[in-house]
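**Student:** My structure file input08.cif, mmCIF, C-alpha atoms and all ligand atoms, is below:
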```
data_final
loop_
_atom_site.label_atom_id
_atom_site.label_comp_id
_atom_site.auth_asym_id
_atom_site.auth_seq_id
_atom_site.Cartn_x
_atom_site.Cartn_y
_atom_site.Cartn_z
CA MET A 1 -37.21 26.46 33.58
CA SER A 2 -37.56 29.99 34.96
CA ALA A 3 -39.42 28.72 38.03
CA THR A 4 -36.38 26.82 39.31
CA PRO A 5 -35.38 28.42 42.60
CA VAL A 6 -31.82 29.55 43.15
CA SER A 7 -30.11 26.68 44.92
CA PRO A 8 -29.14 27.06 48.57
CA VAL A 9 -25.48 26.06 48.16
CA GLU A 10 -22.74 28.20 49.63
CA ARG A 11 -21.23 30.32 46.86
CA PRO A 12 -18.86 31.66 45.82
CA ILE A 13 -16.14 29.73 47.65
CA GLY A 14 -12.56 31.04 47.66
CA ILE A 15 -10.13 28.14 47.20
CA ALA A 16 -6.78 29.91 46.73
CA PRO A 17 -5.71 33.43 45.75
CA GLY A 18 -7.15 33.87 42.28
CA VAL A 19 -9.20 30.65 42.36
CA ALA A 20 -12.90 30.71 43.31
CA ALA A 21 -15.75 28.24 42.81
CA PHE A 22 -19.40 28.99 42.04
CA ALA A 23 -21.78 26.01 41.99
CA THR A 24 -24.97 26.09 39.92
CA LEU A 25 -27.88 23.70 39.75
CA THR A 26 -27.59 21.41 36.70
CA PRO A 27 -29.18 18.28 35.20
CA THR A 28 -26.33 16.10 36.43
CA LEU A 29 -26.16 12.52 37.69
CA PRO A 30 -27.36 11.96 41.27
CA PRO A 31 -26.22 12.15 44.01
CA ALA A 32 -24.59 15.30 42.56
CA THR A 33 -27.02 18.17 41.96
CA HIS A 34 -24.66 20.98 40.96
CA THR A 35 -21.75 21.69 38.65
CA ASN A 36 -18.91 23.91 39.86
CA SER A 37 -17.91 26.82 37.74
CA TYR A 38 -14.57 28.45 38.53
CA ALA A 39 -13.06 31.91 38.23
CA LEU A 40 -9.31 31.74 37.67
CA GLY A 41 -6.97 34.73 37.82
CA GLU A 42 -6.46 37.84 39.96
CA ARG A 43 -6.86 40.62 37.37
CA GLU A 44 -7.54 38.88 34.09
CA ILE A 45 -10.15 36.24 34.78
CA LEU A 46 -11.00 33.01 33.00
CA LEU A 47 -14.42 31.53 33.78
CA VAL A 48 -14.73 27.72 33.62
CA GLU A 49 -17.90 25.63 32.95
CA PRO A 50 -20.95 27.55 31.61
CA ALA A 51 -23.01 24.76 33.09
CA THR A 52 -26.54 25.65 34.13
CA PRO A 53 -29.63 25.66 31.88
CA HIS A 54 -31.83 27.30 34.55
CA GLU A 55 -32.62 30.99 34.03
CA ALA A 56 -32.45 31.95 37.71
CA GLU A 57 -29.12 30.19 38.04
CA GLN A 58 -27.81 31.82 34.87
CA ARG A 59 -28.77 35.22 36.30
CA ALA A 60 -26.90 34.41 39.51
CA PHE A 61 -23.87 33.36 37.45
CA VAL A 62 -23.96 36.57 35.41
CA GLU A 63 -24.24 38.68 38.56
CA TRP A 64 -21.25 36.88 40.06
CA ALA A 65 -19.23 37.28 36.85
CA ARG A 66 -20.08 40.98 36.56
CA GLY A 67 -19.07 41.45 40.21
CA LEU A 68 -15.71 39.86 39.41
CA ALA A 69 -15.28 42.20 36.46
CA SER A 70 -15.54 45.31 38.62
CA GLY A 71 -12.58 47.00 40.30
CA GLY A 72 -10.23 46.91 37.34
CA ARG A 73 -10.57 43.18 36.68
CA THR A 74 -11.37 41.86 33.20
CA LEU A 75 -13.19 38.74 32.13
CA ARG A 76 -11.26 37.05 29.31
CA ALA A 77 -13.23 33.98 28.18
CA ILE A 78 -15.30 30.97 29.23
CA PHE A 79 -13.49 27.64 29.22
CA VAL A 80 -15.48 24.47 28.51
CA THR A 81 -14.08 21.16 29.81
CA HIS A 82 -16.31 18.89 27.67
CA HIS A 83 -19.66 18.68 25.90
CA HIS A 84 -21.90 16.92 28.46
CA ILE A 85 -25.13 18.78 29.14
CA ASP A 86 -24.34 19.46 32.81
CA HIS A 87 -21.25 21.39 31.63
CA VAL A 88 -22.45 23.31 28.59
CA ALA A 89 -26.17 23.94 29.09
CA GLY A 90 -25.46 27.65 29.63
CA ALA A 91 -22.68 27.96 27.05
CA GLN A 92 -24.62 29.91 24.44
CA ALA A 93 -26.69 32.07 26.81
CA LEU A 94 -23.79 32.99 29.10
CA SER A 95 -21.25 33.68 26.37
CA GLU A 96 -23.76 35.92 24.57
CA GLU A 97 -24.88 37.73 27.72
CA LEU A 98 -21.34 38.33 29.00
CA ARG A 99 -19.97 38.81 25.46
CA LEU A 100 -17.19 36.36 26.12
CA PRO A 101 -15.69 33.81 23.72
CA LEU A 102 -15.84 30.10 24.50
CA LEU A 103 -12.62 28.07 24.60
CA ALA A 104 -12.95 24.33 23.99
CA HIS A 105 -11.36 21.36 22.28
CA ARG A 106 -12.38 20.81 18.65
CA GLU A 107 -14.19 17.57 19.59
CA THR A 108 -16.27 19.53 22.10
CA ALA A 109 -16.97 22.38 19.67
CA LEU A 110 -18.23 19.87 17.09
CA ARG A 111 -20.75 18.54 19.63
CA LEU A 112 -21.97 22.01 20.62
CA GLY A 113 -23.61 22.48 17.22
CA ASP A 114 -25.23 25.91 16.85
CA ALA A 115 -24.03 27.04 20.29
CA TRP A 116 -20.48 27.17 18.85
CA ARG A 117 -20.22 30.51 17.04
CA PRO A 118 -16.73 31.32 15.76
CA GLU A 119 -17.91 34.84 14.83
CA LEU A 120 -18.08 35.56 18.59
CA GLY A 121 -14.39 34.71 18.91
CA HIS A 122 -14.87 31.13 20.11
CA ARG A 123 -11.55 29.30 19.85
CA HIS A 124 -10.30 25.73 19.82
CA LEU A 125 -7.71 24.68 22.38
CA ASP A 126 -5.52 21.61 22.22
CA ASP A 127 -3.08 19.80 24.46
CA GLY A 128 -0.28 22.14 25.51
CA ASP A 129 -2.02 25.42 24.70
CA VAL A 130 -1.49 27.98 27.45
CA ILE A 131 -3.84 30.66 28.76
CA GLU A 132 -1.89 33.46 30.45
CA LEU A 133 -3.78 35.58 32.96
CA ASP A 134 -2.11 38.81 34.02
CA GLY A 135 -2.40 40.04 37.59
CA PRO A 136 -0.41 40.71 40.79
CA THR A 137 0.52 37.02 40.62
CA PRO A 138 0.21 36.07 36.94
CA GLN A 139 -1.28 32.66 36.25
CA ARG A 140 -0.37 30.33 33.41
CA TRP A 141 -2.93 27.60 32.79
CA GLU A 142 -1.96 24.81 30.42
CA ALA A 143 -4.73 22.92 28.64
CA LEU A 144 -4.37 19.13 28.84
CA HIS A 145 -6.34 16.99 26.41
CA THR A 146 -7.60 14.13 28.61
CA PRO A 147 -10.08 12.01 26.60
CA GLY A 148 -11.61 8.82 28.02
CA HIS A 149 -14.68 10.30 29.74
CA ALA A 150 -15.47 12.48 26.70
CA PRO A 151 -13.53 12.79 23.43
CA GLY A 152 -12.78 16.51 23.78
CA HIS A 153 -12.22 16.59 27.54
CA LEU A 154 -9.71 19.25 28.63
CA CYS A 155 -8.13 19.78 32.03
CA LEU A 156 -6.31 22.95 33.11
CA HIS A 157 -3.00 22.88 34.98
CA GLU A 158 -1.23 25.74 36.76
CA PRO A 159 2.07 24.23 37.95
CA LYS A 160 3.15 27.18 40.17
CA LEU A 161 -0.16 27.15 42.02
CA GLY A 162 -0.23 23.36 41.99
CA ALA A 163 -3.83 23.62 40.86
CA LEU A 164 -5.52 21.29 38.40
CA GLY A 165 -8.97 21.84 36.92
CA VAL A 166 -10.18 18.28 36.34
CA GLY A 167 -13.69 18.68 34.91
CA ASP A 168 -15.23 15.20 35.02
CA MET A 169 -12.03 13.15 35.29
CA VAL A 170 -12.75 12.65 39.00
CA ALA A 171 -15.41 13.98 41.37
CA SER A 172 -15.63 14.34 45.14
CA VAL A 173 -19.42 13.84 44.97
CA GLY A 174 -20.87 10.96 42.95
CA THR A 175 -19.10 8.80 40.43
CA ILE A 176 -17.68 9.38 36.95
CA LEU A 177 -19.48 7.40 34.31
CA ILE A 178 -17.49 6.00 31.40
CA GLU A 179 -20.10 5.15 28.81
CA PRO A 180 -19.41 3.37 25.54
CA GLN A 181 -20.73 6.16 23.33
CA ASP A 182 -18.47 9.00 24.57
CA GLY A 183 -15.97 7.20 26.70
CA HIS A 184 -13.10 4.77 26.38
CA MET A 185 -11.98 2.96 29.53
CA GLN A 186 -8.37 2.26 28.52
CA THR A 187 -7.84 5.89 27.48
CA TYR A 188 -9.50 7.14 30.66
CA LEU A 189 -7.18 5.05 32.85
CA GLU A 190 -4.13 6.25 30.92
CA GLN A 191 -5.18 9.88 31.37
CA LEU A 192 -5.80 9.38 35.11
CA ARG A 193 -2.24 8.05 35.43
CA ARG A 194 -0.98 11.07 33.51
CA LEU A 195 -2.84 13.44 35.87
CA SER A 196 -1.48 11.57 38.89
CA GLU A 197 2.09 12.12 37.69
CA LEU A 198 1.61 15.90 37.72
CA GLY A 199 1.72 15.83 41.53
CA ALA A 200 -0.76 18.70 41.85
CA LYS A 201 -1.60 20.11 45.29
CA THR A 202 -5.29 20.76 44.63
CA ALA A 203 -7.76 19.44 42.09
CA LEU A 204 -10.82 21.47 41.13
CA PRO A 205 -13.57 19.02 40.15
CA ALA A 206 -16.87 19.86 38.45
CA HIS A 207 -18.80 18.04 41.17
CA GLY A 208 -18.05 18.30 44.90
CA SER A 209 -15.47 20.25 46.85
CA ALA A 210 -11.80 20.80 45.97
CA ILE A 211 -9.54 17.76 46.45
CA ASP A 212 -6.24 18.07 48.34
CA GLU A 213 -3.32 15.87 47.21
CA PRO A 214 -5.30 14.58 44.22
CA SER A 215 -2.64 12.11 42.99
CA ALA A 216 -3.79 9.65 45.66
CA TRP A 217 -7.33 10.22 44.43
CA PHE A 218 -6.42 9.52 40.78
CA ASP A 219 -4.56 6.37 41.86
CA HIS A 220 -7.59 5.26 43.85
CA TYR A 221 -9.82 5.73 40.79
CA VAL A 222 -7.44 3.63 38.70
CA SER A 223 -7.28 0.82 41.26
CA HIS A 224 -11.06 0.89 41.75
CA ARG A 225 -11.61 0.55 37.98
CA LYS A 226 -9.02 -2.22 37.77
CA MET A 227 -10.83 -4.02 40.60
CA ARG A 228 -14.10 -3.70 38.68
CA GLU A 229 -12.43 -4.87 35.47
CA ALA A 230 -11.21 -7.99 37.28
CA LYS A 231 -14.72 -8.59 38.58
CA VAL A 232 -16.22 -8.18 35.09
CA LEU A 233 -13.70 -10.67 33.68
CA PHE A 234 -14.42 -13.10 36.53
CA SER A 235 -18.16 -12.77 35.83
CA VAL A 236 -17.69 -13.58 32.15
CA GLN A 237 -15.60 -16.61 33.09
CA GLN A 238 -18.15 -17.80 35.65
CA LEU A 239 -21.20 -17.38 33.44
CA LYS A 240 -19.42 -18.70 30.30
CA ARG A 241 -21.94 -17.06 27.95
CA ALA A 242 -23.95 -14.10 29.20
CA GLY A 243 -25.58 -10.84 28.15
CA LEU A 244 -25.35 -7.48 29.91
CA ASP A 245 -28.33 -8.15 32.23
CA GLU A 246 -26.81 -11.30 33.70
CA LEU A 247 -23.33 -9.83 33.84
CA VAL A 248 -24.35 -6.64 35.63
CA ALA A 249 -26.06 -8.68 38.36
CA LEU A 250 -22.83 -10.53 39.12
CA ALA A 251 -20.15 -7.93 38.35
CA TYR A 252 -21.99 -5.18 40.29
CA ASP A 253 -23.50 -7.37 43.04
CA ASP A 254 -21.90 -5.02 45.59
CA THR A 255 -23.91 -2.00 44.34
CA PRO A 256 -27.63 -1.17 44.77
CA ARG A 257 -29.88 -2.65 42.12
CA GLU A 258 -31.26 0.87 41.35
CA ILE A 259 -27.98 1.87 39.73
CA TRP A 260 -27.64 -1.24 37.54
CA GLY A 261 -29.17 0.64 34.61
CA LEU A 262 -26.26 3.12 34.69
CA ALA A 263 -23.82 0.42 35.74
CA LYS A 264 -24.60 -1.42 32.50
CA LEU A 265 -23.01 1.46 30.59
CA SER A 266 -19.83 1.15 32.67
CA LEU A 267 -19.97 -2.62 32.29
CA GLU A 268 -20.05 -2.25 28.53
CA ALA A 269 -17.06 0.11 28.63
CA HIS A 270 -15.15 -2.49 30.68
CA LEU A 271 -16.16 -5.25 28.24
CA ILE A 272 -14.93 -3.20 25.27
CA LYS A 273 -11.55 -2.91 27.02
CA LEU A 274 -11.48 -6.66 27.75
CA LEU A 275 -12.37 -7.37 24.09
CA ASP A 276 -9.49 -5.10 23.02
CA ASP A 277 -7.19 -6.88 25.46
CA GLY A 278 -8.19 -10.24 23.93
CA LEU A 279 -9.54 -11.60 27.24
CA VAL A 280 -13.20 -11.74 26.21
CA GLN A 281 -15.00 -12.50 22.97
CA ARG A 282 -18.41 -11.48 21.79
CA GLU A 283 -21.07 -13.39 19.90
CA GLY A 284 -24.15 -11.31 19.11
CA HIS A 285 -25.29 -9.90 22.47
CA SER A 286 -23.37 -12.47 24.51
CA TYR A 287 -19.90 -12.29 26.02
CA LEU A 288 -17.70 -15.34 26.44
CA PRO A 289 -14.26 -15.90 27.91
CA GLU A 290 -11.42 -16.32 25.40
CA ALA A 291 -10.46 -19.99 25.26
CA SER A 292 -7.06 -19.25 26.81
CA THR A 293 -8.35 -17.29 29.84
ZN ZN B 301 -19.16 14.49 31.81
#
```
Show how you would write the structure in this file as structure tokens.
**Tutor:**
Amino acid sequence: MSATPVSPVERPIGIAPGVAAFATLTPTLPPATHTNSYALGEREILLVEPATPHEAEQRAFVEWARGLASGGRTLRAIFVTHHHIDHVAGAQALSEELRLPLLAHRETALRLGDAWRPELGHRHLDDGDVIELDGPTPQRWEALHTPGHAPGHLCLHEPKLGALGVGDMVASVGTILIEPQDGHMQTYLEQLRRLSELGAKTALPAHGSAIDEPSAWFDHYVSHRKMREAKVLFSVQQLKRAGLDELVALAYDDTPREIWGLAKLSLEAHLIKLLDDGLVQREGHSYLPEAST
């Protein structure tokens, strides 16, 4: 992958005092092409998202990080939001090169396999753990365990700054996929509501630019998913007995056919929720409405 050219995105981008973004090219879902890493803190600095697998991009990341570490500033650790490849592809290489420990939820660490090396000081974080970063204006980032997109997904909240690192809970470019293997729709919706209630001023997503007044954004995600859930239920009721191929064509008839392959994963996540809610039943590969619905 060494031939991959350094991407032409603008970087780094200053978002607030002590908050900067640095996008790197990653194997992510189109239309997104990059994952944002962040540097948090004014003197002690926490890096977020060791995302890129590409050597040239890793070198650019290391150069940026070493630049941050000059002038009396110190790099503390690298925070990992969750285990998806477009977030952790550089975890091992970057933590070893910069000699920084990784911080991640236990569920994420389990999925990192050999890249998770406790002897390097890698540490588990859980809901409520706080990372304090000293500086002219000290920062206090609280880890929030927000499963639903991925089992070990963590967000970071700094109430005084009103800043919220949201990983893949929402994105301002592309869509967030809830797939049956890693995700759980009901849990995801609950966690979005929880994030909305924080009333943050700025959300820092992994894909796309920073989001002002993100509570409206979280609420929009919830209502969009509820709309889709209603459409999935309607499709099951219309078709009476149908598999994923027939259901996706009806429940996602407002989306381009090219994305139906991915949409089928979301469809399945919605169906699992409807099965849990007792509104749909399953027989083999077919879904049927519950008699009472
Ligand atoms: Zn993800």
**Student:** Produce as a PyMOL selection string the set of residues near ligand ZN 301 (chain B), where near means within 7 Å with only C-alpha atoms and all ligand atoms considered.
**Tutor:** chain A and resi 82+84+149-150+168
**Student:** For a quick check of understanding, using only C-alpha atoms, which of A:Lys160, A:His54, A:Arg43, A:Lys273 has the smallest distance to A:Leu189?
**Tutor:** A:Lys273
**Student:** Residues within 12 Å of A:Asp129, please, as a list of chain:residue names. Count all atoms listed in the file; anything in the same chain fewer than 3 positions from it doesn't count.
**Tutor:**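 Everything that qualifies: A:Leu103, A:Ala104, A:His105, A:Arg123, A:His124, A:Leu125, A:Asp126, A:Glu132, A:Arg140, A:Trp141, A:Glu142, A:Ala143, A:Leu144, A:His145, A:Leu154, A:Cys155, A:Leu156, A:His157.
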**Student:** Please report the interatomic distance between atom CA of A:Gly174 and atom CA of A:His34 in Å with one decimal.
**Tutor:** 10.9 Å
**Student:** Would you work out the distance separating atom CA of A:Val173 from atom CA of A:Ser209, expressed in Å to one decimal?
**Tutor:** 7.8 Å
**Student:** Rank A:Ser266, A:Thr137, A:Ser95, A:Gln281 by their smallest atom-to-atom distance to A:Leu40, using only C-alpha atoms, and report the top residue only.
**Tutor:** A:Thr137
**Student:** Find the residues around A:Lys264 up to 10 Å (only C-alpha atoms counted), leave out those fewer than 5 positions away in its own chain, and share them as a JSON list (two decimals) with C-alpha atoms, in the coordinates of the input.
**Tutor:**
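result.json, freshly written:
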```
[["chain", "number", "residue", "atom", "x", "y", "z"],
["A", 179, "GLU", "CA", -20.10, 5.15, 28.81],
["A", 180, "PRO", "CA", -19.41, 3.37, 25.54],
["A", 244, "LEU", "CA", -25.35, -7.48, 29.91],
["A", 245, "ASP", "CA", -28.33, -8.15, 32.23],
["A", 247, "LEU", "CA", -23.33, -9.83, 33.84],
["A", 248, "VAL", "CA", -24.35, -6.64, 35.63],
["A", 249, "ALA", "CA", -26.06, -8.68, 38.36],
["A", 251, "ALA", "CA", -20.15, -7.93, 38.35],
["A", 252, "TYR", "CA", -21.99, -5.18, 40.29],
["A", 259, "ILE", "CA", -27.98, 1.87, 39.73],
["A", 269, "ALA", "CA", -17.06, 0.11, 28.63],
["A", 270, "HIS", "CA", -15.15, -2.49, 30.68]]
```
**Student:** Dump as a tab-separated table the rows for residues of stretch 32-55 of chain A within 6 Å of stretch 69-79 of chain A: closest atom pair and distance in Å with one decimal, all atoms listed in the file counted, ordered by chain and rising residue number.
**Tutor:**
```
residue	atom	partner	partner_atom	distance
A:Arg43	CA	A:Arg73	CA	4.6
A:Glu44	CA	A:Thr74	CA	4.9
A:Ile45	CA	A:Leu75	CA	4.7
A:Leu46	CA	A:Ala77	CA	5.4
A:Leu47	CA	A:Ile78	CA	4.7
A:Val48	CA	A:Phe79	CA	4.6
```
**Student:** With all atoms listed in the file as the counted atoms, please give the residues lying no more than 9 Å from A:Glu190, apart from itself and same-chain residues fewer than 5 positions off, as a PyMOL selection string.
**Tutor:** chain A and resi 146+148+185+195+222
**Student:** Identify which of the residues A:Thr52, A:Pro205, A:Ile178, A:Glu246 lies closest to A:Tyr38, counting all atoms listed in the file when measuring atom-to-atom distances.
**Tutor:**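 Between A:Thr52, A:Pro205, A:Ile178, A:Glu246, the residue approaching A:Tyr38 most closely is A:Pro205.
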**Student:** Grab the atom CA of A:His87 to atom CA of A:Thr35 distance for me, in Å with one decimal place.
**Tutor:**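 We find that atom CA of A:His87 and atom CA of A:Thr35 lie 7.0 Å from each other.
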**Student:** Report as AutoDock Vina command-line options the centre and the edge lengths, in Å to one decimal, of the axis-aligned box holding every listed atom of stretch 195-210 of chain A, padded by 4 Å on each side.
**Tutor:**
```
--center_x -8.4 --center_y 16.5 --center_z 41.4 --size_x 28.9 --size_y 17.9 --size_z 19.0
```
**Student:** Hey, which of A:Ala91, A:Leu250, A:Val280, A:Met227 ends up closest to A:Thr108? Count all atoms listed in the file.
**Tutor:**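 Looking only at the distances to A:Thr108, the closest residue turns out to be A:Ala91.
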**Student:** Applying 10 Å and only C-alpha atoms, which residues near A:Arg193 remain after dropping the ones on its own chain fewer than 3 positions away? List them as an MDAnalysis selection string.
**Tutor:** chainID A and resid 187:190 196:198 215 218:219 221:222
**Student:** Using only C-alpha atoms for the distances, tell me which of A:Glu229, A:Gly284, A:Arg257, A:Arg99 is nearest to A:Leu271.
**Tutor:**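 When distances to A:Leu271 are compared using only C-alpha atoms, the smallest one comes from A:Glu229.
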**Student:** Mind checking which residues fall within 8 Å of A:Ser286, counting only C-alpha atoms, ignoring those fewer than 4 positions away in the same chain, and posting them as a PDB file with C-alpha atoms, keeping the file's coordinate frame?
**Tutor:**
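Saved the output as selection.pdb:
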```pdb
ATOM      1  CA  ARG A 241     -21.940 -17.060  27.950  1.00  0.00           C
ATOM      2  CA  ALA A 242     -23.950 -14.100  29.200  1.00  0.00           C
ATOM      3  CA  GLY A 243     -25.580 -10.840  28.150  1.00  0.00           C
ATOM      4  CA  LEU A 244     -25.350  -7.480  29.910  1.00  0.00           C
ATOM      5  CA  ARG A 282     -18.410 -11.480  21.790  1.00  0.00           C
TER       6      ARG A 282
END
```
**Student:** In terms of the shortest atom-to-atom distance over only C-alpha atoms, which of A:Ala203, A:Leu274, A:Leu98, A:Leu29 is closest to A:Phe234?
**Tutor:**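 Under the stated criterion, the closest residue is A:Leu274.
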